[in-house]
Every structure is written in C-alpha cells, then in structure tokens.
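Pasted below: entry-v7.pdb, PDB, C-alpha atoms.
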```
ATOM      1  CA  MET S   1     -10.860 -56.598 -55.377
ATOM      2  CA  GLY S   2     -11.525 -58.463 -58.586
ATOM      3  CA  THR S   3     -13.808 -58.736 -61.529
ATOM      4  CA  PRO S   4     -16.709 -61.095 -62.089
ATOM      5  CA  ASP S   5     -16.370 -64.008 -64.452
ATOM      6  CA  PRO S   6     -16.557 -63.097 -68.139
ATOM      7  CA  PRO S   7     -19.772 -63.783 -70.043
ATOM      8  CA  ARG S   8     -18.574 -67.110 -71.388
ATOM      9  CA  VAL S   9     -17.230 -69.710 -68.987
ATOM     10  CA  CYS S  10     -15.337 -72.935 -69.413
ATOM     11  CA  THR S  11     -17.683 -75.904 -69.709
ATOM     12  CA  THR S  12     -17.101 -79.260 -68.079
ATOM     13  CA  THR S  13     -17.435 -80.987 -71.433
ATOM     14  CA  ALA S  14     -14.146 -79.569 -72.720
ATOM     15  CA  TRP S  15     -11.392 -82.152 -73.021
ATOM     16  CA  PRO S  16      -8.792 -81.885 -70.192
ATOM     17  CA  PRO S  17      -5.914 -81.499 -72.701
ATOM     18  CA  ARG S  18      -7.699 -78.496 -74.178
ATOM     19  CA  ARG S  19      -8.148 -76.946 -70.758
ATOM     20  CA  ALA S  20      -4.487 -77.615 -69.977
ATOM     21  CA  ALA S  21      -3.458 -75.956 -73.234
ATOM     22  CA  ALA S  22      -5.732 -73.000 -72.493
ATOM     23  CA  LEU S  23      -4.238 -72.706 -69.018
ATOM     24  CA  ALA S  24      -0.744 -72.693 -70.523
ATOM     25  CA  ARG S  25      -1.709 -69.965 -72.986
ATOM     26  CA  SER S  26      -3.243 -67.846 -70.244
ATOM     27  CA  CYS S  27       0.082 -67.494 -68.396
ATOM     28  CA  HIS S  28       1.431 -65.151 -71.118
ATOM     29  CA  PRO S  29       3.972 -67.746 -72.289
ATOM     30  CA  GLY S  30       6.030 -65.342 -74.401
ATOM     31  CA  PRO S  31       7.047 -63.031 -71.535
ATOM     32  CA  VAL S  32       7.349 -65.988 -69.147
ATOM     33  CA  VAL S  33       9.875 -67.742 -71.389
ATOM     34  CA  ALA S  34      11.708 -64.520 -72.285
ATOM     35  CA  VAL S  35      12.160 -63.325 -68.697
ATOM     36  CA  SER S  36      13.136 -66.802 -67.467
ATOM     37  CA  ALA S  37      15.701 -67.122 -70.268
ATOM     38  CA  LEU S  38      17.016 -63.669 -69.413
ATOM     39  CA  ALA S  39      17.433 -64.726 -65.796
ATOM     40  CA  GLY S  40      19.392 -67.781 -66.925
ATOM     41  CA  ALA S  41      21.606 -65.651 -69.180
ATOM     42  CA  LEU S  42      22.288 -63.250 -66.321
ATOM     43  CA  GLY S  43      23.095 -66.174 -64.060
ATOM     44  CA  VAL S  44      25.655 -67.446 -66.559
ATOM     45  CA  GLY S  45      26.985 -63.911 -66.958
ATOM     46  CA  VAL S  46      27.756 -63.496 -63.260
ATOM     47  CA  GLY S  47      29.326 -66.966 -63.055
ATOM     48  CA  LEU S  48      26.707 -69.056 -61.244
ATOM     49  CA  ASP S  49      27.287 -72.794 -61.177
ATOM     50  CA  GLY S  50      24.735 -75.155 -62.686
ATOM     51  CA  ILE S  51      22.683 -75.793 -59.537
ATOM     52  CA  ARG S  52      22.470 -72.139 -58.498
ATOM     53  CA  CYS S  53      21.611 -71.081 -62.034
ATOM     54  CA  ALA S  54      18.860 -73.709 -62.203
ATOM     55  CA  LEU S  55      17.435 -72.469 -58.894
ATOM     56  CA  LEU S  56      17.502 -68.897 -60.189
ATOM     57  CA  VAL S  57      15.618 -69.843 -63.365
ATOM     58  CA  ALA S  58      13.101 -71.955 -61.442
ATOM     59  CA  ALA S  59      12.368 -69.110 -59.032
ATOM     60  CA  VAL S  60      11.920 -66.598 -61.820
ATOM     61  CA  LEU S  61       9.819 -69.037 -63.854
ATOM     62  CA  THR S  62       7.348 -69.700 -61.040
ATOM     63  CA  GLY S  63       7.143 -65.990 -60.260
ATOM     64  CA  GLN S  64       6.417 -65.141 -63.873
ATOM     65  CA  LEU S  65       3.811 -67.893 -64.135
ATOM     66  CA  SER S  66       2.006 -66.535 -61.078
ATOM     67  CA  VAL S  67       2.052 -62.992 -62.471
ATOM     68  CA  GLY S  68       0.808 -64.055 -65.908
ATOM     69  CA  TRP S  69      -2.049 -66.148 -64.568
ATOM     70  CA  CYS S  70      -3.023 -63.427 -62.096
ATOM     71  CA  ASN S  71      -3.155 -60.921 -64.943
ATOM     72  CA  ASP S  72      -5.404 -63.030 -67.158
ATOM     73  CA  ALA S  73      -7.767 -63.987 -64.345
ATOM     74  CA  PHE S  74      -8.133 -60.455 -63.021
ATOM     75  CA  ASP S  75      -8.562 -58.851 -66.459
ATOM     76  CA  ALA S  76     -10.966 -61.473 -67.852
ATOM     77  CA  ARG S  77     -14.036 -59.244 -67.897
ATOM     78  CA  ARG S  78     -12.160 -56.302 -69.431
ATOM     79  CA  ASP S  79     -10.574 -58.541 -72.079
ATOM     80  CA  ALA S  80     -13.950 -59.993 -73.002
ATOM     81  CA  ALA S  81     -15.536 -56.546 -73.252
ATOM     82  CA  ALA S  82     -12.675 -55.337 -75.471
ATOM     83  CA  GLY S  83     -13.026 -58.386 -77.732
ATOM     84  CA  ARG S  84      -9.380 -59.353 -77.384
ATOM     85  CA  HIS S  85      -8.644 -62.635 -79.113
ATOM     86  CA  GLY S  86      -6.264 -65.202 -77.692
ATOM     87  CA  LYS S  87      -7.356 -64.681 -74.084
ATOM     88  CA  PRO S  88      -8.399 -68.150 -72.829
ATOM     89  CA  VAL S  89     -10.225 -66.958 -69.710
ATOM     90  CA  ALA S  90     -12.105 -64.247 -71.580
ATOM     91  CA  ASP S  91     -13.265 -66.602 -74.332
ATOM     92  CA  GLY S  92     -14.277 -69.386 -71.948
ATOM     93  CA  SER S  93     -11.543 -71.911 -72.802
ATOM     94  CA  VAL S  94     -10.576 -72.202 -69.140
ATOM     95  CA  SER S  95     -12.364 -71.041 -66.000
ATOM     96  CA  ARG S  96     -11.283 -68.002 -64.064
ATOM     97  CA  ARG S  97     -11.247 -70.074 -60.871
ATOM     98  CA  THR S  98      -8.768 -72.535 -62.392
ATOM     99  CA  VAL S  99      -6.433 -69.748 -63.474
ATOM    100  CA  TRP S 100      -6.601 -68.083 -60.048
ATOM    101  CA  ALA S 101      -5.747 -71.421 -58.435
ATOM    102  CA  ALA S 102      -2.759 -71.830 -60.759
ATOM    103  CA  ALA S 103      -1.604 -68.279 -59.986
ATOM    104  CA  PHE S 104      -1.644 -68.839 -56.223
ATOM    105  CA  ALA S 105      -0.012 -72.268 -56.530
ATOM    106  CA  ALA S 106       2.843 -70.815 -58.603
ATOM    107  CA  ALA S 107       3.226 -67.917 -56.157
ATOM    108  CA  LEU S 108       3.467 -70.305 -53.206
ATOM    109  CA  LEU S 109       6.067 -72.420 -55.014
ATOM    110  CA  CYS S 110       8.014 -69.276 -55.874
ATOM    111  CA  VAL S 111       8.667 -68.487 -52.190
ATOM    112  CA  PRO S 112      10.906 -71.458 -51.257
ATOM    113  CA  LEU S 113      12.592 -71.453 -54.672
ATOM    114  CA  SER S 114      13.459 -67.758 -54.311
ATOM    115  CA  LEU S 115      14.769 -68.158 -50.757
ATOM    116  CA  ALA S 116      16.833 -71.167 -51.882
ATOM    117  CA  CYS S 117      18.842 -68.670 -53.955
ATOM    118  CA  GLY S 118      19.813 -66.905 -50.721
ATOM    119  CA  LEU S 119      18.008 -64.670 -48.254
ATOM    120  CA  LEU S 120      18.928 -61.411 -49.983
ATOM    121  CA  ALA S 121      18.376 -62.754 -53.496
ATOM    122  CA  GLY S 122      15.059 -64.281 -52.487
ATOM    123  CA  THR S 123      13.880 -61.133 -50.770
ATOM    124  CA  VAL S 124      14.694 -59.039 -53.845
ATOM    125  CA  HIS S 125      12.859 -61.432 -56.136
ATOM    126  CA  LEU S 126       9.801 -61.789 -53.933
ATOM    127  CA  ALA S 127       9.588 -58.002 -53.697
ATOM    128  CA  ALA S 128       9.602 -57.855 -57.501
ATOM    129  CA  VAL S 129       6.882 -60.526 -57.771
ATOM    130  CA  THR S 130       4.802 -58.680 -55.179
ATOM    131  CA  ALA S 131       5.176 -55.469 -57.185
ATOM    132  CA  ALA S 132       4.026 -57.302 -60.324
ATOM    133  CA  TRP S 133       0.919 -58.588 -58.546
ATOM    134  CA  ALA S 134       0.266 -55.054 -57.302
ATOM    135  CA  TYR S 135       0.453 -53.905 -60.921
ATOM    136  CA  ASN S 136      -2.152 -56.454 -61.976
ATOM    137  CA  LEU S 137      -4.522 -55.731 -59.123
ATOM    138  CA  ARG S 138      -4.248 -51.959 -58.869
ATOM    139  CA  LEU S 139      -1.210 -50.034 -60.099
ATOM    140  CA  LYS S 140      -1.764 -50.606 -63.833
ATOM    141  CA  ALA S 141      -4.647 -48.124 -63.639
ATOM    142  CA  THR S 142      -2.624 -45.421 -61.848
ATOM    143  CA  ALA S 143       0.190 -43.000 -62.640
ATOM    144  CA  LEU S 144       2.553 -45.483 -60.919
ATOM    145  CA  SER S 145       1.950 -48.175 -63.529
ATOM    146  CA  TRP S 146       5.610 -47.963 -64.576
ATOM    147  CA  LEU S 147       6.997 -48.729 -61.105
ATOM    148  CA  PRO S 148       6.486 -52.533 -60.967
ATOM    149  CA  TYR S 149       8.196 -52.915 -64.353
ATOM    150  CA  VAL S 150      11.168 -50.863 -63.200
ATOM    151  CA  ILE S 151      11.416 -52.847 -59.967
ATOM    152  CA  GLY S 152      11.032 -56.194 -61.722
ATOM    153  CA  PHE S 153      13.631 -55.648 -64.419
ATOM    154  CA  ALA S 154      16.113 -54.047 -62.029
ATOM    155  CA  ALA S 155      15.680 -57.021 -59.693
ATOM    156  CA  LEU S 156      16.840 -59.568 -62.286
ATOM    157  CA  PRO S 157      20.548 -58.598 -62.434
ATOM    158  CA  ALA S 158      20.493 -57.860 -58.707
ATOM    159  CA  MET S 159      19.089 -61.309 -57.936
ATOM    160  CA  ALA S 160      21.606 -63.014 -60.229
ATOM    161  CA  ALA S 161      24.533 -61.341 -58.455
ATOM    162  CA  LEU S 162      23.099 -61.937 -54.983
ATOM    163  CA  THR S 163      22.696 -65.657 -55.737
ATOM    164  CA  LEU S 164      26.490 -65.982 -55.861
ATOM    165  CA  PRO S 165      28.169 -67.357 -52.729
ATOM    166  CA  GLY S 166      28.630 -64.498 -50.301
ATOM    167  CA  SER S 167      25.838 -62.473 -51.953
ATOM    168  CA  PRO S 168      28.038 -59.724 -53.434
ATOM    169  CA  GLY S 169      26.267 -56.549 -54.505
ATOM    170  CA  PRO S 170      25.273 -56.190 -58.168
ATOM    171  CA  ALA S 171      26.990 -53.757 -60.527
ATOM    172  CA  TRP S 172      25.214 -50.396 -60.501
ATOM    173  CA  TRP S 173      25.122 -50.171 -64.272
ATOM    174  CA  ALA S 174      23.456 -53.574 -64.645
ATOM    175  CA  VAL S 175      20.669 -52.626 -62.223
ATOM    176  CA  THR S 176      20.259 -49.190 -63.794
ATOM    177  CA  ALA S 177      20.026 -50.648 -67.292
ATOM    178  CA  GLY S 178      17.503 -53.196 -66.050
ATOM    179  CA  ALA S 179      15.320 -50.447 -64.610
ATOM    180  CA  LEU S 180      15.441 -48.484 -67.882
ATOM    181  CA  LEU S 181      14.551 -51.577 -69.897
ATOM    182  CA  GLY S 182      11.659 -52.197 -67.515
ATOM    183  CA  LEU S 183      10.273 -48.744 -68.237
ATOM    184  CA  ALA S 184      10.672 -49.339 -71.979
ATOM    185  CA  ALA S 185       8.957 -52.725 -71.701
ATOM    186  CA  HIS S 186       5.983 -51.124 -69.976
ATOM    187  CA  LEU S 187       5.636 -48.390 -72.579
ATOM    188  CA  GLY S 188       6.030 -50.781 -75.508
ATOM    189  CA  ASP S 189       3.659 -53.379 -74.058
ATOM    190  CA  VAL S 190       0.857 -50.905 -73.340
ATOM    191  CA  LEU S 191       1.223 -48.738 -76.446
ATOM    192  CA  PRO S 192      -0.879 -50.929 -78.812
ATOM    193  CA  ASP S 193      -3.719 -51.235 -76.271
ATOM    194  CA  ILE S 194      -4.005 -47.654 -75.009
ATOM    195  CA  GLU S 195      -7.321 -46.885 -76.670
ATOM    196  CA  ASP S 196      -8.948 -50.175 -75.590
ATOM    197  CA  ASP S 197      -7.642 -49.726 -72.050
ATOM    198  CA  LEU S 198      -9.022 -46.199 -71.820
ATOM    199  CA  ARG S 199     -12.466 -47.496 -72.745
ATOM    200  CA  GLY S 200     -12.075 -50.030 -69.932
ATOM    201  CA  GLY S 201     -11.212 -47.352 -67.372
ATOM    202  CA  VAL S 202      -7.435 -47.956 -67.180
ATOM    203  CA  TYR S 203      -5.392 -44.776 -66.727
ATOM    204  CA  GLY S 204      -1.784 -45.795 -66.261
ATOM    205  CA  LEU S 205       1.181 -43.624 -67.174
ATOM    206  CA  PRO S 206       1.120 -44.478 -70.915
ATOM    207  CA  HIS S 207      -2.615 -43.785 -71.058
ATOM    208  CA  ARG S 208      -2.102 -40.371 -69.491
ATOM    209  CA  LEU S 209       0.668 -39.619 -71.993
ATOM    210  CA  GLY S 210      -1.465 -40.808 -74.909
ATOM    211  CA  VAL S 211      -0.396 -42.739 -77.987
ATOM    212  CA  THR S 212       1.781 -39.927 -79.314
ATOM    213  CA  GLY S 213       3.427 -39.117 -75.997
ATOM    214  CA  THR S 214       4.128 -42.767 -75.196
ATOM    215  CA  GLY S 215       5.554 -43.347 -78.666
ATOM    216  CA  LEU S 216       7.887 -40.365 -78.345
ATOM    217  CA  LEU S 217       9.047 -41.423 -74.882
ATOM    218  CA  LEU S 218       9.650 -45.101 -75.698
ATOM    219  CA  PRO S 219      13.042 -44.703 -77.462
ATOM    220  CA  VAL S 220      14.482 -42.691 -74.555
ATOM    221  CA  PRO S 221      14.850 -45.483 -71.964
ATOM    222  CA  LEU S 222      15.875 -47.945 -74.682
ATOM    223  CA  VAL S 223      18.753 -45.804 -75.876
ATOM    224  CA  ALA S 224      19.635 -44.826 -72.307
ATOM    225  CA  ALA S 225      19.884 -48.480 -71.275
ATOM    226  CA  SER S 226      22.194 -49.211 -74.193
ATOM    227  CA  ALA S 227      24.366 -46.225 -73.256
ATOM    228  CA  VAL S 228      24.578 -47.313 -69.613
ATOM    229  CA  LEU S 229      25.600 -50.847 -70.575
ATOM    230  CA  ALA S 230      28.133 -49.657 -73.149
ATOM    231  CA  LEU S 231      29.712 -46.891 -71.102
ATOM    232  CA  GLY S 232      29.020 -47.853 -67.476
ATOM    233  CA  PRO S 233      31.584 -50.648 -66.949
ATOM    234  CA  ALA S 234      35.235 -49.745 -66.697
ATOM    235  CA  GLY S 235      37.174 -49.774 -69.946
ATOM    236  CA  PRO S 236      36.250 -49.077 -73.557
ATOM    237  CA  PRO S 237      32.839 -50.226 -74.807
ATOM    238  CA  GLY S 238      34.304 -52.539 -77.432
ATOM    239  CA  TRP S 239      32.888 -53.298 -80.851
ATOM    240  CA  TRP S 240      29.637 -54.800 -79.503
ATOM    241  CA  GLY S 241      29.041 -51.744 -77.349
ATOM    242  CA  VAL S 242      29.584 -49.414 -80.287
ATOM    243  CA  LEU S 243      27.299 -51.533 -82.484
ATOM    244  CA  THR S 244      24.559 -51.627 -79.848
ATOM    245  CA  LEU S 245      24.676 -47.853 -79.444
ATOM    246  CA  ALA S 246      24.560 -47.425 -83.226
ATOM    247  CA  VAL S 247      21.448 -49.575 -83.757
ATOM    248  CA  ALA S 248      19.447 -48.823 -80.584
ATOM    249  CA  ALA S 249      17.886 -45.526 -81.685
ATOM    250  CA  PRO S 250      17.144 -46.528 -85.323
ATOM    251  CA  THR S 251      15.559 -49.799 -84.168
ATOM    252  CA  ALA S 252      13.356 -48.055 -81.614
ATOM    253  CA  LEU S 253      12.279 -45.442 -84.151
ATOM    254  CA  ALA S 254      11.578 -48.126 -86.760
ATOM    255  CA  GLY S 255       9.252 -49.818 -84.285
ATOM    256  CA  LEU S 256       7.246 -46.616 -83.945
ATOM    257  CA  VAL S 257       6.971 -46.131 -87.712
ATOM    258  CA  LEU S 258       5.972 -49.753 -88.351
ATOM    259  CA  GLY S 259       3.408 -49.493 -85.583
ATOM    260  CA  ARG S 260       1.032 -48.014 -88.160
ATOM    261  CA  TYR S 261       0.915 -51.411 -89.873
ATOM    262  CA  TRP S 262       1.573 -53.820 -86.987
ATOM    263  CA  ARG S 263       0.261 -52.950 -83.530
ATOM    264  CA  LYS S 264       3.039 -54.827 -81.726
ATOM    265  CA  ALA S 265       5.883 -53.289 -83.741
ATOM    266  CA  ALA S 266       6.994 -50.922 -80.975
ATOM    267  CA  LEU S 267       7.143 -53.778 -78.472
ATOM    268  CA  ALA S 268       9.029 -55.961 -80.967
ATOM    269  CA  ALA S 269      11.574 -53.187 -81.474
ATOM    270  CA  ALA S 270      11.948 -52.802 -77.722
ATOM    271  CA  VAL S 271      12.550 -56.548 -77.398
ATOM    272  CA  ALA S 272      15.167 -56.407 -80.186
ATOM    273  CA  VAL S 273      17.067 -53.598 -78.478
ATOM    274  CA  ALA S 274      16.761 -55.381 -75.131
ATOM    275  CA  ALA S 275      18.183 -58.562 -76.708
ATOM    276  CA  ALA S 276      21.162 -56.580 -78.003
ATOM    277  CA  ASP S 277      21.582 -55.085 -74.532
ATOM    278  CA  VAL S 278      21.564 -58.524 -72.904
ATOM    279  CA  ALA S 279      24.168 -59.717 -75.391
ATOM    280  CA  LEU S 280      26.258 -56.659 -74.553
ATOM    281  CA  LEU S 281      25.834 -57.415 -70.872
ATOM    282  CA  LEU S 282      27.170 -60.938 -71.415
ATOM    283  CA  VAL S 283      30.013 -59.792 -73.674
ATOM    284  CA  ARG S 284      31.171 -57.153 -71.211
ATOM    285  CA  GLY S 285      30.574 -59.357 -68.206
ATOM    286  CA  ALA S 286      28.022 -58.739 -65.487
ATOM    287  CA  ALA S 287      30.398 -59.299 -62.624
ATOM    288  CA  PRO S 288      29.140 -57.900 -59.305
ATOM    289  CA  VAL S 289      30.984 -55.165 -57.457
TER     290      VAL S 289
END
```
Represent the structure contained in this file as structure tokens.
Amino acid sequence: MGTPDPPRVCTTTAWPPRRAAALARSCHPGPVVAVSALAGALGVGVGLDGIRCALLVAAVLTGQLSVGWCNDAFDARRDAAAGRHGKPVADGSVSRRTVWAAAFAAALLCVPLSLACGLLAGTVHLAAVTAAWAYNLRLKATALSWLPYVIGFAALPAMAALTLPGSPGPAWWAVTAGALLGLAAHLGDVLPDIEDDLRGGVYGLPHRLGVTGTGLLLPVPLVAASAVLALGPAGPPGWWGVLTLAVAAPTALAGLVLGRYWRKAALAAAVAVAAADVALLLVRGAAPV
C-alpha cells in the first residue's frame, strides 16, 4: 500500500536545518506533545516514580512520532491535491522517503521503550501504536475509523497503571473515559476536513455521518467522559467534578457554533473539555484497582 510522491519533492539544495525543521513539523508536533504530556500526567496520577514515569513518556513519545510521520508520508499525495498548507511532505520541504525512514526508526525505538515499562504495559501500548498505524494505512477510510482512536486513548491510563510495580489493573472508569475521549478526538479532528477528505476518497465514520451528523454527535462522548470521571470513582464528585460537568456541554456546543468562523473550533473545544477531564482525573486520583 502507499501513495506516490507528491508533485513537488524536497531538493538537495535545501539547507539541512530547514529539512530538519520540516521533518519536525511533519510529525504533527501538537498532538505528539499533547499526548506525551498526558501520558506523563497520568503517570504522576497513578504514583509512578521518576524513572518509570520517564520511561512511560519516552515510549509514548516515540510511538506518537512514528504515527505522525507515517500519517504525513502516507497522505502526502492527498494533502498536495487538497492544497493543504503546512504539510512539509506535500509542499516539498522534506522528502517522503526521509519521513518514512523517521517513522520506522521511531517505531523500532518504541518497542524496547514500551517493553521497559513492563510486559503488560508494553503490550498494551504497542497494540495501540499498531492500531494507529492501521488507521493511517487503511482504517481511516472505513467505517472503523473511530476504533484506533478509542484503543489509543483507552490504552494511556491502562499503560500508566500497568507500569506500576506488580502491574495492577487500571480503574475501569479511567479506561472508559479514555475511550470516550478518543472517539471525541476523532470526530473533532476530522470534522473540519470532511469535505476535502470526501473528494480524496476517504469515507471514515465522520464522513459517512456528514458535517451535521458529526457535529451533533461530538458533544456526546465529551460529556459522557466527563460524567464517567466525575461519577465513576467512589465518593462524591467534589467541586472540580461538578464544575467539569457544568462546563463540558456548553464548551462542546460553543465549539460547534464557532466552527462557522474557525474550522478547528470543534477540535479546540474538545481539547478544552479533555484538559478539564485530565485535571479531574488528577484531582480525584487515578489509582488502579
């Protein structure tokens, strides 16, 4: 599988620092940093020591780098045809071959780092990275496009708990909330690009639902995740839980309304609610069962 190189290719006359910067931009640095930081926060939340937490973040970081580079390299032709700006491979700032090489190198490095967190933790994480690669290479254009996101986000709290000595099982509500946030992330990420993707032959779940259907569905998993995190653990939700529940729905709806003026508004709203959910997770404690 794969796509041919985009019309414009990286020239050998480009300065190496420029190619390095283009390579860094092609990894999708925003999601890479966000997910890696989330992994670190979850590690702190479950009580990992410094070394184990660093291993957890390193494993997640390399996995995310491999997924981001794989995505840009594989989608280069489609991105170029859609005229998407800020895509280094599509605009010729870095070669597709270089980005593929970086993707495979990061994936190979991810294996020992993941297993260093423990056999169970490593297996869970590598399964999530494999699912993300499957999304890039095939599943994004099918009705199962949501599945890798659900697996990936659910794996983060599970991996954090399993990295603890003795590999205790993760709390059900943390994994459930992660899965719901993964679904919301998929819907919010794809929503601005549905029309361009359809022209490129991509028919994932959001594309089949359409812009209106995806927009109406997006608040559901966001609010559900907040409810699970607020009400799932034993004891009262506390003031942060009540506050998170109170702002989740209005924030998600505001993202849909503002989407008329800013194409990434729905995703930004989803990120805001997710950030509140992570804070709630840390406030309540993400102790494993």
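Comparing S:Ala266, S:Cys70, S:Ala155, S:Leu280 by their smallest distance to S:Asp193, the closest is S:Ala266 (using only C-alpha atoms).
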If we count all atoms listed in the file and set the cut-off at 7 Å, which residues sit around stretch 28-36 of chain S, ignoring sequence neighbours fewer than 2 positions away in its own chain? Please answer as a list in words.
Arg25, Ser26, Leu38, Ala39, Gly40, Val57, Val60, Leu61, Gln64, Leu65 and Gly68 of chain S
Can you work out which one of S:Ala54, S:Leu216, S:Ala268, S:Ala254 has the shortest atom-to-atom distance to S:Ala41, counting only C-alpha atoms?
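With only C-alpha atoms as the atom set, the closest residue is S:Ala54.
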Report as a PyMOL selection string the full result of the PyMOL selection byres ((chain S and resi 237) around 12) when it is applied to this structure.
chain S and resi 226-236+238-245+280-281+283-285
Export of the given selection (C-alpha atoms) as a PDB file, in the coordinates of the input:
```
ATOM      1  CA  SER S 226      22.194 -49.211 -74.193  1.00  0.00           C
ATOM      2  CA  ALA S 227      24.366 -46.225 -73.256  1.00  0.00           C
ATOM      3  CA  VAL S 228      24.578 -47.313 -69.613  1.00  0.00           C
ATOM      4  CA  LEU S 229      25.600 -50.847 -70.575  1.00  0.00           C
ATOM      5  CA  ALA S 230      28.133 -49.657 -73.149  1.00  0.00           C
ATOM      6  CA  LEU S 231      29.712 -46.891 -71.102  1.00  0.00           C
ATOM      7  CA  GLY S 232      29.020 -47.853 -67.476  1.00  0.00           C
ATOM      8  CA  PRO S 233      31.584 -50.648 -66.949  1.00  0.00           C
ATOM      9  CA  ALA S 234      35.235 -49.745 -66.697  1.00  0.00           C
ATOM     10  CA  GLY S 235      37.174 -49.774 -69.946  1.00  0.00           C
ATOM     11  CA  PRO S 236      36.250 -49.077 -73.557  1.00  0.00           C
ATOM     12  CA  GLY S 238      34.304 -52.539 -77.432  1.00  0.00           C
ATOM     13  CA  TRP S 239      32.888 -53.298 -80.851  1.00  0.00           C
ATOM     14  CA  TRP S 240      29.637 -54.800 -79.503  1.00  0.00           C
ATOM     15  CA  GLY S 241      29.041 -51.744 -77.349  1.00  0.00           C
ATOM     16  CA  VAL S 242      29.584 -49.414 -80.287  1.00  0.00           C
ATOM     17  CA  LEU S 243      27.299 -51.533 -82.484  1.00  0.00           C
ATOM     18  CA  THR S 244      24.559 -51.627 -79.848  1.00  0.00           C
ATOM     19  CA  LEU S 245      24.676 -47.853 -79.444  1.00  0.00           C
ATOM     20  CA  LEU S 280      26.258 -56.659 -74.553  1.00  0.00           C
ATOM     21  CA  LEU S 281      25.834 -57.415 -70.872  1.00  0.00           C
ATOM     22  CA  VAL S 283      30.013 -59.792 -73.674  1.00  0.00           C
ATOM     23  CA  ARG S 284      31.171 -57.153 -71.211  1.00  0.00           C
ATOM     24  CA  GLY S 285      30.574 -59.357 -68.206  1.00  0.00           C
TER      25      GLY S 285
END
```
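Taking all atoms listed in the file into account, S:Leu109 lies nearest to S:Thr62 out of the set S:Leu218, S:Ala249, S:Thr62, S:Thr212.
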Among the residues S:Ala269, S:Leu187, S:Cys110, S:Leu164, the one that comes closest to S:Gly47 [using only C-alpha atoms]
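Closest to S:Gly47, using only C-alpha atoms: S:Leu164.
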By how many Å are atom CA of S:Ala103 and atom CA of S:Trp69 apart?
5.1 Å
Between S:Val257, S:Leu198, S:Leu183, S:Phe104, which residue has the minimum interatomic distance to S:Val223, considering all atoms listed in the file?
S:Leu183
Rank S:Val94, S:Leu144, S:Leu55, S:Val67 by their smallest atom-to-atom distance to S:Pro17, using all atoms listed in the file, and report the top residue only.
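Closest candidate: S:Val94.
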In Å, with one decimal, what is the gap from atom CA of S:Val111 to atom CA of S:Ala37?
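Pair atom CA of S:Val111 / atom CA of S:Ala37 returns 19.4 Å.
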Taking all atoms of stretch 222-233 of chain S that the file lists and extending 3 Å past them on each side, where is the centre of the axis-aligned box and how long are its edges? Answer in Å to one decimal, as AutoDock Vina command-line options.
```
--center_x 23.7 --center_y -47.8 --center_z -71.4 --size_x 21.7 --size_y 12.0 --size_z 14.9
```
One number please: atom CA of S:Tyr203 to atom CA of S:Ala141, in Å, one decimal.
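For atom CA of S:Tyr203 relative to atom CA of S:Ala141, the distance reads 4.6 Å.
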Please return, as a list in words, all polymer residues that have at least one atom within 9 Å of the point (22.0, -52.0, -64.1); use all atoms listed in the file and the file's own coordinate frame.
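It turns out the residues near that spot are Ala154, Pro157, Ala158, Pro170, Ala171, Trp172, Trp173, Ala174, Val175, Thr176, Ala177, Gly178, Ala179, Leu180, Ala225, Val228, Leu229 and Gly232 of chain S.
Residues lying within 10 Å of (1.8, -49.3, -74.5). Counted over only C-alpha atoms, they are Ala184, Ala185, His186, Leu187, Gly188, Asp189, Val190, Leu191, Pro192, Asp193, Ile194, Glu195, Asp197, Gly204, Leu205, Pro206, His207, Gly210, Val211, Thr214, Gly215, Leu218, Arg263, Lys264, Ala266 and Leu267 of chain S.
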Residues selected by the PyMOL selection byres ((chain S and resi 134-136) around 10), written as a PyMOL selection string
chain S and resi 67-68+70-75+128-133+137-142+144-149+204
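The environment of S:Gly43 within 6 Å, counting only C-alpha atoms and disregarding residues fewer than 3 places along the same chain, consists of S:Gly40, S:Val46, S:Leu48, S:Cys53, S:Ala160.
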